[in-house]
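protein.txt (compact mmCIF, C-alpha atoms and all ligand atoms) appears below.
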# COMPACT_ATOMS: atom_id res chain seq x y z
CA MET K 1 42.05 49.36 16.66
CA ARG K 2 44.04 49.66 19.88
CA THR K 3 45.85 46.50 20.98
CA ARG K 4 43.74 45.77 23.99
CA VAL K 5 45.56 42.98 25.79
CA ALA K 6 49.20 42.66 26.84
CA ILE K 7 50.60 39.24 27.63
CA VAL K 8 53.88 38.84 29.50
CA GLY K 9 55.69 35.62 28.55
CA ALA K 10 55.77 33.69 25.26
CA GLY K 11 55.75 30.20 26.79
CA LEU K 12 52.91 27.80 26.13
CA ALA K 13 50.53 29.63 28.48
CA GLY K 14 51.12 33.09 26.99
CA LEU K 15 51.00 31.85 23.39
CA SER K 16 47.82 29.82 24.07
CA ALA K 17 46.17 32.91 25.55
CA ALA K 18 47.23 35.03 22.56
CA ARG K 19 45.99 32.41 20.11
CA SER K 20 42.57 32.15 21.80
CA LEU K 21 42.24 35.95 21.78
CA MET K 22 43.28 36.11 18.13
CA GLU K 23 40.65 33.51 17.23
CA ALA K 24 38.07 35.70 18.98
CA GLY K 25 39.23 38.78 17.04
CA ILE K 26 40.95 40.53 19.97
CA PRO K 27 44.47 41.74 19.18
CA SER K 28 47.16 41.23 21.79
CA VAL K 29 50.85 41.85 22.11
CA VAL K 30 53.15 39.37 23.83
CA PHE K 31 56.30 40.62 25.57
CA GLU K 32 59.04 38.02 25.90
CA LYS K 33 62.35 38.56 27.66
CA SER K 34 64.24 35.96 25.61
CA ARG K 35 65.20 35.93 21.95
CA GLY K 36 63.10 32.85 21.18
CA LEU K 37 59.60 31.65 21.91
CA GLY K 38 58.72 28.68 24.11
CA GLY K 39 60.05 29.36 27.62
CA ARG K 40 60.63 25.93 29.14
CA LEU K 41 60.02 24.30 25.75
CA ALA K 42 63.61 25.15 25.00
CA THR K 43 66.11 24.10 22.36
CA ARG K 44 69.76 25.21 22.38
CA ARG K 45 71.28 25.55 18.92
CA THR K 46 74.83 24.21 19.09
CA GLU K 47 77.46 23.64 16.41
CA LEU K 48 76.68 19.92 16.73
CA GLY K 49 72.92 20.35 16.35
CA PRO K 50 69.92 21.22 18.52
CA ILE K 51 69.68 20.05 22.14
CA ASP K 52 66.41 20.24 24.10
CA HIS K 53 67.38 21.46 27.54
CA GLY K 54 63.84 22.02 28.87
CA ALA K 55 60.90 19.64 28.52
CA PRO K 56 62.08 16.60 26.52
CA GLY K 57 58.54 15.83 25.37
CA VAL K 58 55.03 17.02 26.15
CA PRO K 59 51.55 15.47 26.18
CA VAL K 60 50.26 14.89 22.67
CA ASP K 61 47.44 17.42 23.04
CA VAL K 62 50.05 20.18 23.35
CA ALA K 63 51.52 19.28 19.96
CA LEU K 64 47.98 19.27 18.56
CA ALA K 65 47.28 22.69 20.13
CA ALA K 66 50.51 24.02 18.64
CA GLY K 67 49.52 22.80 15.19
CA GLY K 68 52.87 21.08 14.65
CA GLY K 69 55.11 18.37 16.02
CA VAL K 70 54.93 14.63 15.95
CA TRP K 71 54.26 12.02 18.56
CA SER K 72 55.97 8.74 19.15
CA GLU K 73 54.20 5.45 18.50
CA GLY K 74 52.34 3.62 21.25
CA PRO K 75 49.41 5.10 23.18
CA GLU K 76 51.00 4.53 26.58
CA ASN K 77 54.16 6.48 25.84
CA ALA K 78 52.69 8.95 23.38
CA GLN K 79 54.68 12.20 23.49
CA GLY K 80 54.47 15.43 21.56
CA ILE K 81 57.92 16.15 20.11
CA GLY K 82 59.01 19.22 18.14
CA ILE K 83 61.27 18.89 15.11
CA PRO K 84 64.12 19.76 14.97
CA GLY K 85 63.66 20.64 18.66
CA MET K 86 60.97 21.23 21.25
CA SER K 87 60.91 25.00 20.74
CA ALA K 88 59.54 24.37 17.23
CA LEU K 89 56.18 23.60 18.89
CA ALA K 90 56.13 27.12 20.32
CA ARG K 91 57.12 28.62 16.98
CA HIS K 92 54.14 26.86 15.37
CA MET K 93 51.86 28.14 18.09
CA GLY K 94 53.24 31.68 17.74
CA GLN K 95 52.45 32.01 14.06
CA GLY K 96 50.50 35.22 13.39
CA ILE K 97 50.95 36.45 16.96
CA ASN K 98 52.60 39.79 17.70
CA VAL K 99 55.54 38.83 19.94
CA GLN K 100 57.93 41.57 21.04
CA ARG K 101 61.14 39.72 21.87
CA GLU K 102 63.95 40.64 24.24
CA ILE K 103 61.68 42.86 26.32
CA THR K 104 61.65 42.15 30.05
CA ILE K 105 58.62 43.63 31.76
CA THR K 106 59.48 44.99 35.20
CA GLU K 107 56.37 46.91 36.25
CA VAL K 108 52.67 47.28 35.66
CA ALA K 109 50.79 50.48 36.55
CA GLU K 110 47.17 51.49 36.42
CA THR K 111 46.69 54.74 34.50
CA GLY K 112 43.57 56.76 33.67
CA ASP K 113 43.45 54.74 30.46
CA GLY K 114 43.92 51.10 31.52
CA TYR K 115 47.32 49.64 32.27
CA SER K 116 50.83 50.51 31.18
CA LEU K 117 53.90 48.31 31.38
CA THR K 118 57.50 49.36 31.92
CA ASP K 119 60.38 47.29 30.62
CA ALA K 120 63.91 46.76 31.91
CA ALA K 121 65.25 49.39 29.49
CA GLY K 122 62.85 51.96 30.97
CA ALA K 123 60.48 52.09 27.97
CA LEU K 124 56.75 52.47 28.60
CA HIS K 125 54.21 50.30 26.77
CA ALA K 126 50.65 51.67 26.93
CA SER K 127 47.69 51.36 27.10
CA PHE K 128 45.99 48.02 27.69
CA ASP K 129 42.55 47.04 28.94
CA ALA K 130 43.93 43.83 30.43
CA VAL K 131 47.32 42.28 31.21
CA ILE K 132 47.98 38.54 31.38
CA PHE K 133 51.10 37.42 33.25
CA ALA K 134 52.04 34.01 31.84
CA VAL K 135 55.30 33.57 33.74
CA PRO K 136 56.40 31.23 36.57
CA ALA K 137 54.57 31.87 39.86
CA PRO K 138 57.37 33.67 41.78
CA GLN K 139 57.96 35.99 38.84
CA ALA K 140 54.22 36.73 38.54
CA ALA K 141 54.08 37.52 42.27
CA ALA K 142 56.99 39.97 41.95
CA LEU K 143 55.37 41.77 39.02
CA LEU K 144 52.02 41.96 40.81
CA ALA K 145 53.45 43.15 44.14
CA GLN K 146 50.75 45.86 44.45
CA GLN K 147 47.94 43.26 44.19
CA ALA K 148 47.96 41.83 47.72
CA GLU K 149 45.22 39.24 47.21
CA MET K 150 46.75 37.87 44.04
CA VAL K 151 50.19 37.70 45.64
CA GLU K 152 48.74 35.86 48.63
CA ALA K 153 47.12 33.24 46.40
CA ILE K 154 50.27 32.76 44.32
CA ALA K 155 52.36 32.33 47.48
CA ASN K 156 50.83 28.85 47.96
CA VAL K 157 52.43 27.62 44.74
CA ARG K 158 55.77 25.77 44.93
CA MET K 159 58.12 25.44 41.97
CA THR K 160 61.38 23.51 42.03
CA PRO K 161 64.64 24.25 40.18
CA LEU K 162 66.55 21.98 37.83
CA TRP K 163 70.04 22.01 36.34
CA THR K 164 70.41 20.36 32.95
CA LEU K 165 73.65 19.20 31.36
CA LEU K 166 74.04 19.52 27.58
CA LEU K 167 76.52 17.29 25.75
CA GLY K 168 77.49 16.88 22.10
CA PHE K 169 79.96 14.53 20.39
CA ASP K 170 81.69 14.88 17.02
CA ALA K 171 81.95 11.09 16.76
CA PRO K 172 79.78 8.41 18.44
CA SER K 173 80.65 8.06 22.13
CA GLY K 174 79.82 4.37 22.33
CA LEU K 175 76.86 4.92 24.68
CA SER K 176 73.56 3.29 23.79
CA GLN K 177 71.11 5.85 22.48
CA ASP K 178 68.31 5.04 24.91
CA VAL K 179 66.95 7.21 27.69
CA LEU K 180 69.14 6.44 30.74
CA THR K 181 68.06 6.42 34.35
CA LEU K 182 71.04 7.69 36.33
CA ALA K 183 72.15 8.08 39.95
CA ASP K 184 72.30 11.21 42.09
CA PRO K 185 73.22 13.99 41.27
CA LEU K 186 71.73 13.07 37.88
CA ALA K 187 68.20 11.78 37.44
CA LEU K 188 68.07 10.84 33.77
CA ALA K 189 69.67 11.50 30.40
CA ILE K 190 67.88 11.82 27.08
CA PRO K 191 69.75 11.24 23.81
CA MET K 192 68.50 13.53 21.05
CA LEU K 193 69.01 10.57 18.69
CA SER K 194 66.10 8.79 20.41
CA LYS K 195 63.80 11.48 18.99
CA PRO K 196 62.35 11.67 15.48
CA GLY K 197 63.70 13.92 12.73
CA GLN K 198 67.25 14.38 14.07
CA ILE K 199 70.55 14.97 12.34
CA ALA K 200 73.07 12.18 12.98
CA THR K 201 75.39 13.77 15.56
CA GLU K 202 75.16 12.47 19.10
CA ARG K 203 73.71 14.95 21.61
CA TRP K 204 72.38 14.51 25.15
CA SER K 205 70.38 16.42 27.69
CA ALA K 206 70.80 15.13 31.26
CA HIS K 207 68.64 16.33 34.15
CA ALA K 208 70.06 16.72 37.65
CA THR K 209 67.90 15.67 40.58
CA THR K 210 65.69 18.31 42.15
CA ALA K 211 67.51 18.00 45.48
CA TRP K 212 70.97 18.50 43.96
CA SER K 213 69.69 21.37 41.81
CA ALA K 214 68.17 23.16 44.80
CA GLU K 215 71.33 22.73 46.86
CA HIS K 216 73.62 23.95 44.06
CA LEU K 217 71.36 26.55 42.50
CA GLU K 218 73.87 29.41 42.65
CA LEU K 219 76.80 27.53 41.10
CA GLU K 220 78.44 29.17 38.09
CA LYS K 221 77.30 27.44 34.89
CA GLU K 222 80.83 26.21 34.12
CA ASP K 223 81.18 24.69 37.59
CA ALA K 224 77.80 22.96 37.37
CA ALA K 225 78.73 21.58 33.94
CA ASP K 226 82.00 20.28 35.33
CA VAL K 227 80.46 18.49 38.32
CA LEU K 228 77.58 17.03 36.32
CA LEU K 229 79.87 15.85 33.51
CA LYS K 230 82.07 14.00 36.01
CA ALA K 231 78.95 12.35 37.47
CA PHE K 232 77.70 11.46 33.96
CA MET K 233 81.06 9.89 33.08
CA ALA K 234 81.19 7.94 36.33
CA VAL K 235 77.71 6.49 36.03
CA THR K 236 77.67 5.77 32.28
CA GLY K 237 81.30 4.71 31.89
CA LEU K 238 81.79 7.33 29.17
CA ALA K 239 85.53 7.51 28.48
CA GLY K 240 86.09 10.46 26.12
CA THR K 241 85.23 14.08 26.78
CA PRO K 242 82.35 15.71 24.89
CA ASP K 243 82.96 18.25 22.12
CA TYR K 244 80.08 20.41 23.32
CA LEU K 245 79.49 20.97 27.03
CA ALA K 246 77.16 23.37 28.83
CA ALA K 247 74.84 23.52 31.81
CA HIS K 248 71.55 25.37 32.04
CA ARG K 249 69.87 26.44 35.27
CA TRP K 250 66.07 26.45 35.42
CA ARG K 251 65.29 28.46 38.51
CA TYR K 252 61.60 27.54 38.16
CA ALA K 253 61.48 24.25 36.30
CA ARG K 254 58.69 22.07 37.69
CA VAL K 255 55.57 22.61 39.73
CA GLU K 256 55.57 20.86 43.09
CA ARG K 257 52.36 22.41 44.44
CA ALA K 258 49.85 24.00 42.07
CA LEU K 259 47.37 26.80 42.71
CA GLY K 260 44.43 24.46 42.09
CA GLN K 261 42.50 26.72 39.70
CA PRO K 262 43.28 27.85 36.12
CA PHE K 263 44.51 31.36 37.03
CA VAL K 264 44.41 34.10 39.62
CA ALA K 265 42.88 37.49 38.78
CA ASN K 266 41.91 40.81 40.31
CA GLY K 267 38.21 41.56 40.89
CA THR K 268 37.62 43.03 37.44
CA GLY K 269 39.44 40.29 35.54
CA THR K 270 41.81 42.84 34.03
CA LEU K 271 45.02 41.60 35.68
CA LEU K 272 45.50 37.85 35.43
CA ALA K 273 48.32 35.43 36.19
CA GLY K 274 48.71 31.80 35.23
CA GLY K 275 50.85 29.15 33.64
CA ASP K 276 51.44 25.44 34.30
CA TRP K 277 51.67 26.25 38.03
CA ALA K 278 47.99 27.14 38.17
CA LEU K 279 46.83 23.61 37.39
CA GLY K 280 49.70 21.14 37.66
CA ALA K 281 53.14 20.24 36.41
CA LEU K 282 52.55 19.45 32.75
CA ALA K 283 52.80 21.48 29.60
CA SER K 284 49.14 20.72 28.83
CA GLU K 285 48.25 22.58 32.03
CA ALA K 286 50.07 25.67 30.77
CA VAL K 287 47.91 25.53 27.62
CA ALA K 288 44.72 25.08 29.67
CA SER K 289 45.63 27.99 31.96
CA GLY K 290 46.42 30.28 29.01
CA ARG K 291 43.14 29.47 27.31
CA ALA K 292 41.18 30.01 30.55
CA MET K 293 42.80 33.43 31.04
CA ALA K 294 41.83 34.41 27.50
CA ARG K 295 38.23 33.31 28.12
CA ARG K 296 38.10 35.45 31.28
CA VAL K 297 39.38 38.48 29.40
CA LEU K 298 36.87 37.92 26.59
CA GLU K 299 34.02 38.00 29.14
CA ASN K 300 34.96 41.63 29.85
CA PHE K 301 34.86 42.60 26.19
CA ARG K 302 31.54 40.88 25.63
CA GLY K 303 30.16 42.89 28.57
C1 LIG K 401 63.77 20.29 32.54
C2 LIG K 401 62.29 20.30 32.33
C3 LIG K 401 61.63 19.13 32.03
C4 LIG K 401 60.25 19.12 31.82
N1 LIG K 401 59.62 17.96 31.47
C5 LIG K 401 58.30 17.98 31.17
C6 LIG K 401 57.64 16.81 30.69
O1 LIG K 401 58.25 15.75 30.57
N2 LIG K 401 56.31 16.89 30.40
C7 LIG K 401 55.61 18.04 30.53
O2 LIG K 401 54.41 18.09 30.22
N3 LIG K 401 56.21 19.18 30.98
C8 LIG K 401 57.53 19.16 31.30
N4 LIG K 401 58.14 20.32 31.74
C9 LIG K 401 57.28 21.47 32.07
C10 LIG K 401 56.86 22.29 30.84
O3 LIG K 401 58.00 22.69 30.14
C11 LIG K 401 56.07 23.50 31.37
O4 LIG K 401 54.91 23.01 32.04
C12 LIG K 401 55.59 24.50 30.32
O5 LIG K 401 56.53 24.67 29.29
C13 LIG K 401 55.31 25.80 31.05
O6 LIG K 401 54.81 26.80 30.17
P1 LIG K 401 54.46 28.24 30.72
O7 LIG K 401 54.01 29.05 29.58
O8 LIG K 401 53.53 28.09 31.89
O9 LIG K 401 55.81 28.83 31.36
P2 LIG K 401 57.24 29.11 30.68
O10 LIG K 401 57.54 28.11 29.63
O11 LIG K 401 58.19 29.23 31.82
O12 LIG K 401 57.07 30.52 29.97
C14 LIG K 401 57.21 31.75 30.63
C15 LIG K 401 57.84 32.74 29.67
O13 LIG K 401 57.82 34.03 30.28
C16 LIG K 401 59.03 34.68 29.98
N5 LIG K 401 59.21 35.71 31.02
C17 LIG K 401 59.41 35.51 32.35
N6 LIG K 401 59.46 36.71 32.98
C18 LIG K 401 59.29 37.66 32.04
C19 LIG K 401 59.25 39.08 32.08
N7 LIG K 401 59.39 39.77 33.24
N8 LIG K 401 59.07 39.76 30.92
C20 LIG K 401 58.93 39.09 29.74
N9 LIG K 401 58.96 37.74 29.65
C21 LIG K 401 59.13 37.04 30.79
C22 LIG K 401 60.07 33.56 30.00
O14 LIG K 401 61.25 33.92 29.30
C23 LIG K 401 59.30 32.43 29.33
O15 LIG K 401 59.47 32.43 27.94
C24 LIG K 401 59.51 20.34 31.94
C25 LIG K 401 60.19 21.53 32.24
C26 LIG K 401 61.56 21.51 32.43
C27 LIG K 401 62.27 22.81 32.72
Output the file's structure as structure tokens, nothing else.
Ligand SMILES: Cc1cc2nc3c(=O)[nH]c(=O)nc-3n(C[C@H](O)[C@H](O)[C@H](O)COP(=O)(O)OP(=O)(O)OC[C@H]3O[C@@H](n4cnc5c(N)ncnc54)[C@H](O)[C@@H]3O)c2cc1C
Amino acid sequence: MRTRVAIVGAGLAGLSAARSLMEAGIPSVVFEKSRGLGGRLATRRTELGPIDHGAPGVPVDVALAAGGGVWSEGPENAQGIGIPGMSALARHMGQGINVQREITITEVAETGDGYSLTDAAGALHASFDAVIFAVPAPQAAALLAQQAEMVEAIANVRMTPLWTLLLGFDAPSGLSQDVLTLADPLALAIPMLSKPGQIATERWSAHATTAWSAEHLELEKEDAADVLLKAFMAVTGLAGTPDYLAAHRWRYARVERALGQPFVANGTGTLLAGGDWALGALASEAVASGRAMARRVLENFRG
């Protein structure tokens, strides 16, 4: 049987859509530009152990939807956490799904036989009855440039950037291993050792403020790491330098203004776009959007 649906993006929204389609017996293929699954559920593998540089935790229902992960005790602070890192949740969710990695989709075209996609290497992927774009709003708008109404709807969405600082220490730094609330340019720092199922080395992920991130978005990674490390040392009193140091730029990290509906689609429900930005700022909203897009596509197949 022909693979009828293409999904662009193997974050929570894309994987949730693929999983819902799979459960309904409709094969799909997911194209993902990165090497790993998960998008903003991201874990950097370092020589000192994994560091979550995207979402530090997600609502518990996301871990349940993924079929893996644990959640911390206490109903008020319940969090879905992947082990050994957050991207493990996406790997659970991606089981059995056809994900084509390291393929960046650059164009969609309508052909006599559905839709074809072109990737950054110039290869053509054909033919699909429907295409789901499960990528951040500005990236969806760029890919759907020919679809004026969809682009207009997506233009109302606002997403903010975020720099994160990744630190690792061969020997304990002396800092307490609790989540720290910091001062500008840093917002907070999360020690990996505060999470379940970790190896013993000390690792941190610190988030810059949205304002600082927006103002310094085009810094080189090394320069951002340098500035943020100095700020981290000043505010925490850390004396020694870390043995692992990096900075990661999320150009589209958090949703400031959502679309207000689960997805945007063309009139026939054959081109769809969604993600967390459709419904809100949380990972659970990415899952809800992905599932809603799959349901819309299934309506077409059921006639
Ligand atoms: C620093 C940070 C902290 C966060 N904290 C929290 C939190 O505490 N709680 C919470 O609930 N949520 C949090 N979030 C938000 C949460 O991570 C997101 O809501 C969720 O992961 C979004 O999933 P998504 O599938 O919509 O998008 P993404 O995860 O962005 O997935 C999109 C995917 O599409 C791929 N892609 C993009 N363009 C293309 C292309 N042209 N071709 C192929 N592939 C493409 C990307 O590589 C990516 O894998 C945080 C996010 C960040 C960055």
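Among the candidates K:Glu256, K:Glu215, K:Asp119, K:Asp276, the residue lying nearest to ligand LIG 401 (chain K) is K:Asp276 (atoms considered: all atoms listed in the file).
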- Taking only C-alpha atoms and all ligand atoms into account, report as a PyMOL selection string which residues have an atom no farther than 6 Å from an atom of ligand LIG 401 (chain K). chain K and resi 8-14+31-34+38-41+54-59+103-106+134-136+250+253-254+275-276+281-283+286
- Task: Could you please determine the separation between CA of Gln95 in chain K and CA of Gly269 in chain K in Å, to one decimal place?
- Result: 26.4 Å
- Item | Atomic separation - CA of Val5 in chain K relative to CA of Ile132 in chain K, Å |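 Between CA of Ile132 in chain K and CA of Val5 in chain K the gap works out to 7.5 Å.
Considering the residues K:Glu285, K:Pro161, K:Ile83, K:Glu23 and counting all atoms listed in the file, Glu218 in chain K has its shortest atom-to-atom contact with K:Pro161.
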- Pairwise distance for CA of Gly168 in chain K and CA of Glu220 in chain K, rounded to one decimal in Å: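 We find that CA of Gly168 in chain K and CA of Glu220 in chain K lie 20.2 Å from each other.
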- Query: Which is closest to Ala18 in chain K among K:Arg302, K:Gly280, K:Ala211, K:Val297, if we use all atoms listed in the file?
  - Reply: K:Val297
- Minimum-distance residue to Glu107 in chain K, chosen among K:Leu180, K:Leu143, K:Met93, K:Ile199 (using all atoms listed in the file):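 Distance minimum relative to Glu107 in chain K lands on K:Leu143.
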- Query: Of the candidates K:Leu182, K:Ala278, K:His53, K:Val29, which one gets nearest to Val131 in chain K if we count all atoms listed in the file?
  - Reply: K:Val29
- Message: Restricting the calculation to only C-alpha atoms: of K:Ala17, K:Leu228, K:Ala130, K:Leu166, which residue gets closest to Arg44 in chain K?
- Response: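 Among the listed residues, K:Leu166 lies closest to Arg44 in chain K.
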If we count only C-alpha atoms, what is near Ser176 in chain K at a cut-off of 12 Å, once residues fewer than 3 positions away on the same chain are taken out, given as a PDB file with C-alpha atoms, in the coordinates of the input?
ATOM      1  CA  PRO K 172      79.780   8.410  18.440  1.00  0.00           C
ATOM      2  CA  SER K 173      80.650   8.060  22.130  1.00  0.00           C
ATOM      3  CA  VAL K 179      66.950   7.210  27.690  1.00  0.00           C
ATOM      4  CA  LEU K 180      69.140   6.440  30.740  1.00  0.00           C
ATOM      5  CA  ALA K 189      69.670  11.500  30.400  1.00  0.00           C
ATOM      6  CA  ILE K 190      67.880  11.820  27.080  1.00  0.00           C
ATOM      7  CA  PRO K 191      69.750  11.240  23.810  1.00  0.00           C
ATOM      8  CA  MET K 192      68.500  13.530  21.050  1.00  0.00           C
ATOM      9  CA  LEU K 193      69.010  10.570  18.690  1.00  0.00           C
ATOM     10  CA  SER K 194      66.100   8.790  20.410  1.00  0.00           C
ATOM     11  CA  GLU K 202      75.160  12.470  19.100  1.00  0.00           C
ATOM     12  CA  ARG K 203      73.710  14.950  21.610  1.00  0.00           C
ATOM     13  CA  TRP K 204      72.380  14.510  25.150  1.00  0.00           C
ATOM     14  CA  THR K 236      77.670   5.770  32.280  1.00  0.00           C
ATOM     15  CA  GLY K 237      81.300   4.710  31.890  1.00  0.00           C
ATOM     16  CA  LEU K 238      81.790   7.330  29.170  1.00  0.00           C
TER      17      LEU K 238
END
- Message: I'd like the neighbourhood of range 148-155 of chain K as a list of chain:residue names, where a residue qualifies if any of its atoms comes within 7 Å (using all atoms listed in the file), though same-chain residues fewer than 4 positions away should be ignored.
- Response: K:Ala137, K:Ala141, K:Leu144, K:Leu259, K:Val264, K:Ala265, K:Asn266
Please put the answer as AutoDock Vina command-line options: centre and edge lengths, in Å with one decimal, of a box along x, y and z that encloses all listed atoms of range 173-181 of chain K plus 4 Å on each side.
--center_x 73.8 --center_y 5.7 --center_z 28.2 --size_x 21.7 --size_y 12.8 --size_z 20.2
Because the input lacks atoms here, generate N, CA and C atoms for range 155-167 of chain K and report them as a CSV table (one decimal), keeping the file's coordinate frame.
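Contents of the output file part.csv:
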chain,number,residue,atom,x,y,z
K,155,ALA,N,51.4,32.8,46.5
K,155,ALA,CA,52.4,32.3,47.5
K,155,ALA,C,52.2,30.9,47.9
K,156,ASN,N,51.0,30.3,47.6
K,156,ASN,CA,50.8,28.8,48.0
K,156,ASN,C,51.5,27.9,47.0
K,157,VAL,N,51.9,28.5,45.8
K,157,VAL,CA,52.4,27.6,44.7
K,157,VAL,C,53.9,27.3,45.0
K,158,ARG,N,54.3,26.1,44.8
K,158,ARG,CA,55.8,25.8,44.9
K,158,ARG,C,56.3,25.3,43.6
K,159,MET,N,57.4,25.9,43.2
K,159,MET,CA,58.1,25.4,42.0
K,159,MET,C,59.5,25.1,42.3
K,160,THR,N,60.0,24.0,41.7
K,160,THR,CA,61.4,23.5,42.0
K,160,THR,C,62.4,23.8,40.9
K,161,PRO,N,63.6,24.0,41.2
K,161,PRO,CA,64.6,24.2,40.2
K,161,PRO,C,65.2,23.0,39.6
K,162,LEU,N,65.9,23.1,38.5
K,162,LEU,CA,66.6,22.0,37.8
K,162,LEU,C,67.7,22.4,37.0
K,163,TRP,N,68.9,21.8,37.2
K,163,TRP,CA,70.0,22.0,36.3
K,163,TRP,C,70.0,21.0,35.2
K,164,THR,N,70.3,21.4,34.0
K,164,THR,CA,70.4,20.4,33.0
K,164,THR,C,71.8,20.5,32.4
K,165,LEU,N,72.3,19.3,31.9
K,165,LEU,CA,73.6,19.2,31.4
K,165,LEU,C,73.5,18.9,29.9
K,166,LEU,N,74.2,19.7,29.0
K,166,LEU,CA,74.0,19.5,27.6
K,166,LEU,C,75.4,19.0,27.0
K,167,LEU,N,75.3,17.9,26.3
K,167,LEU,CA,76.5,17.3,25.8
K,167,LEU,C,76.4,17.0,24.3
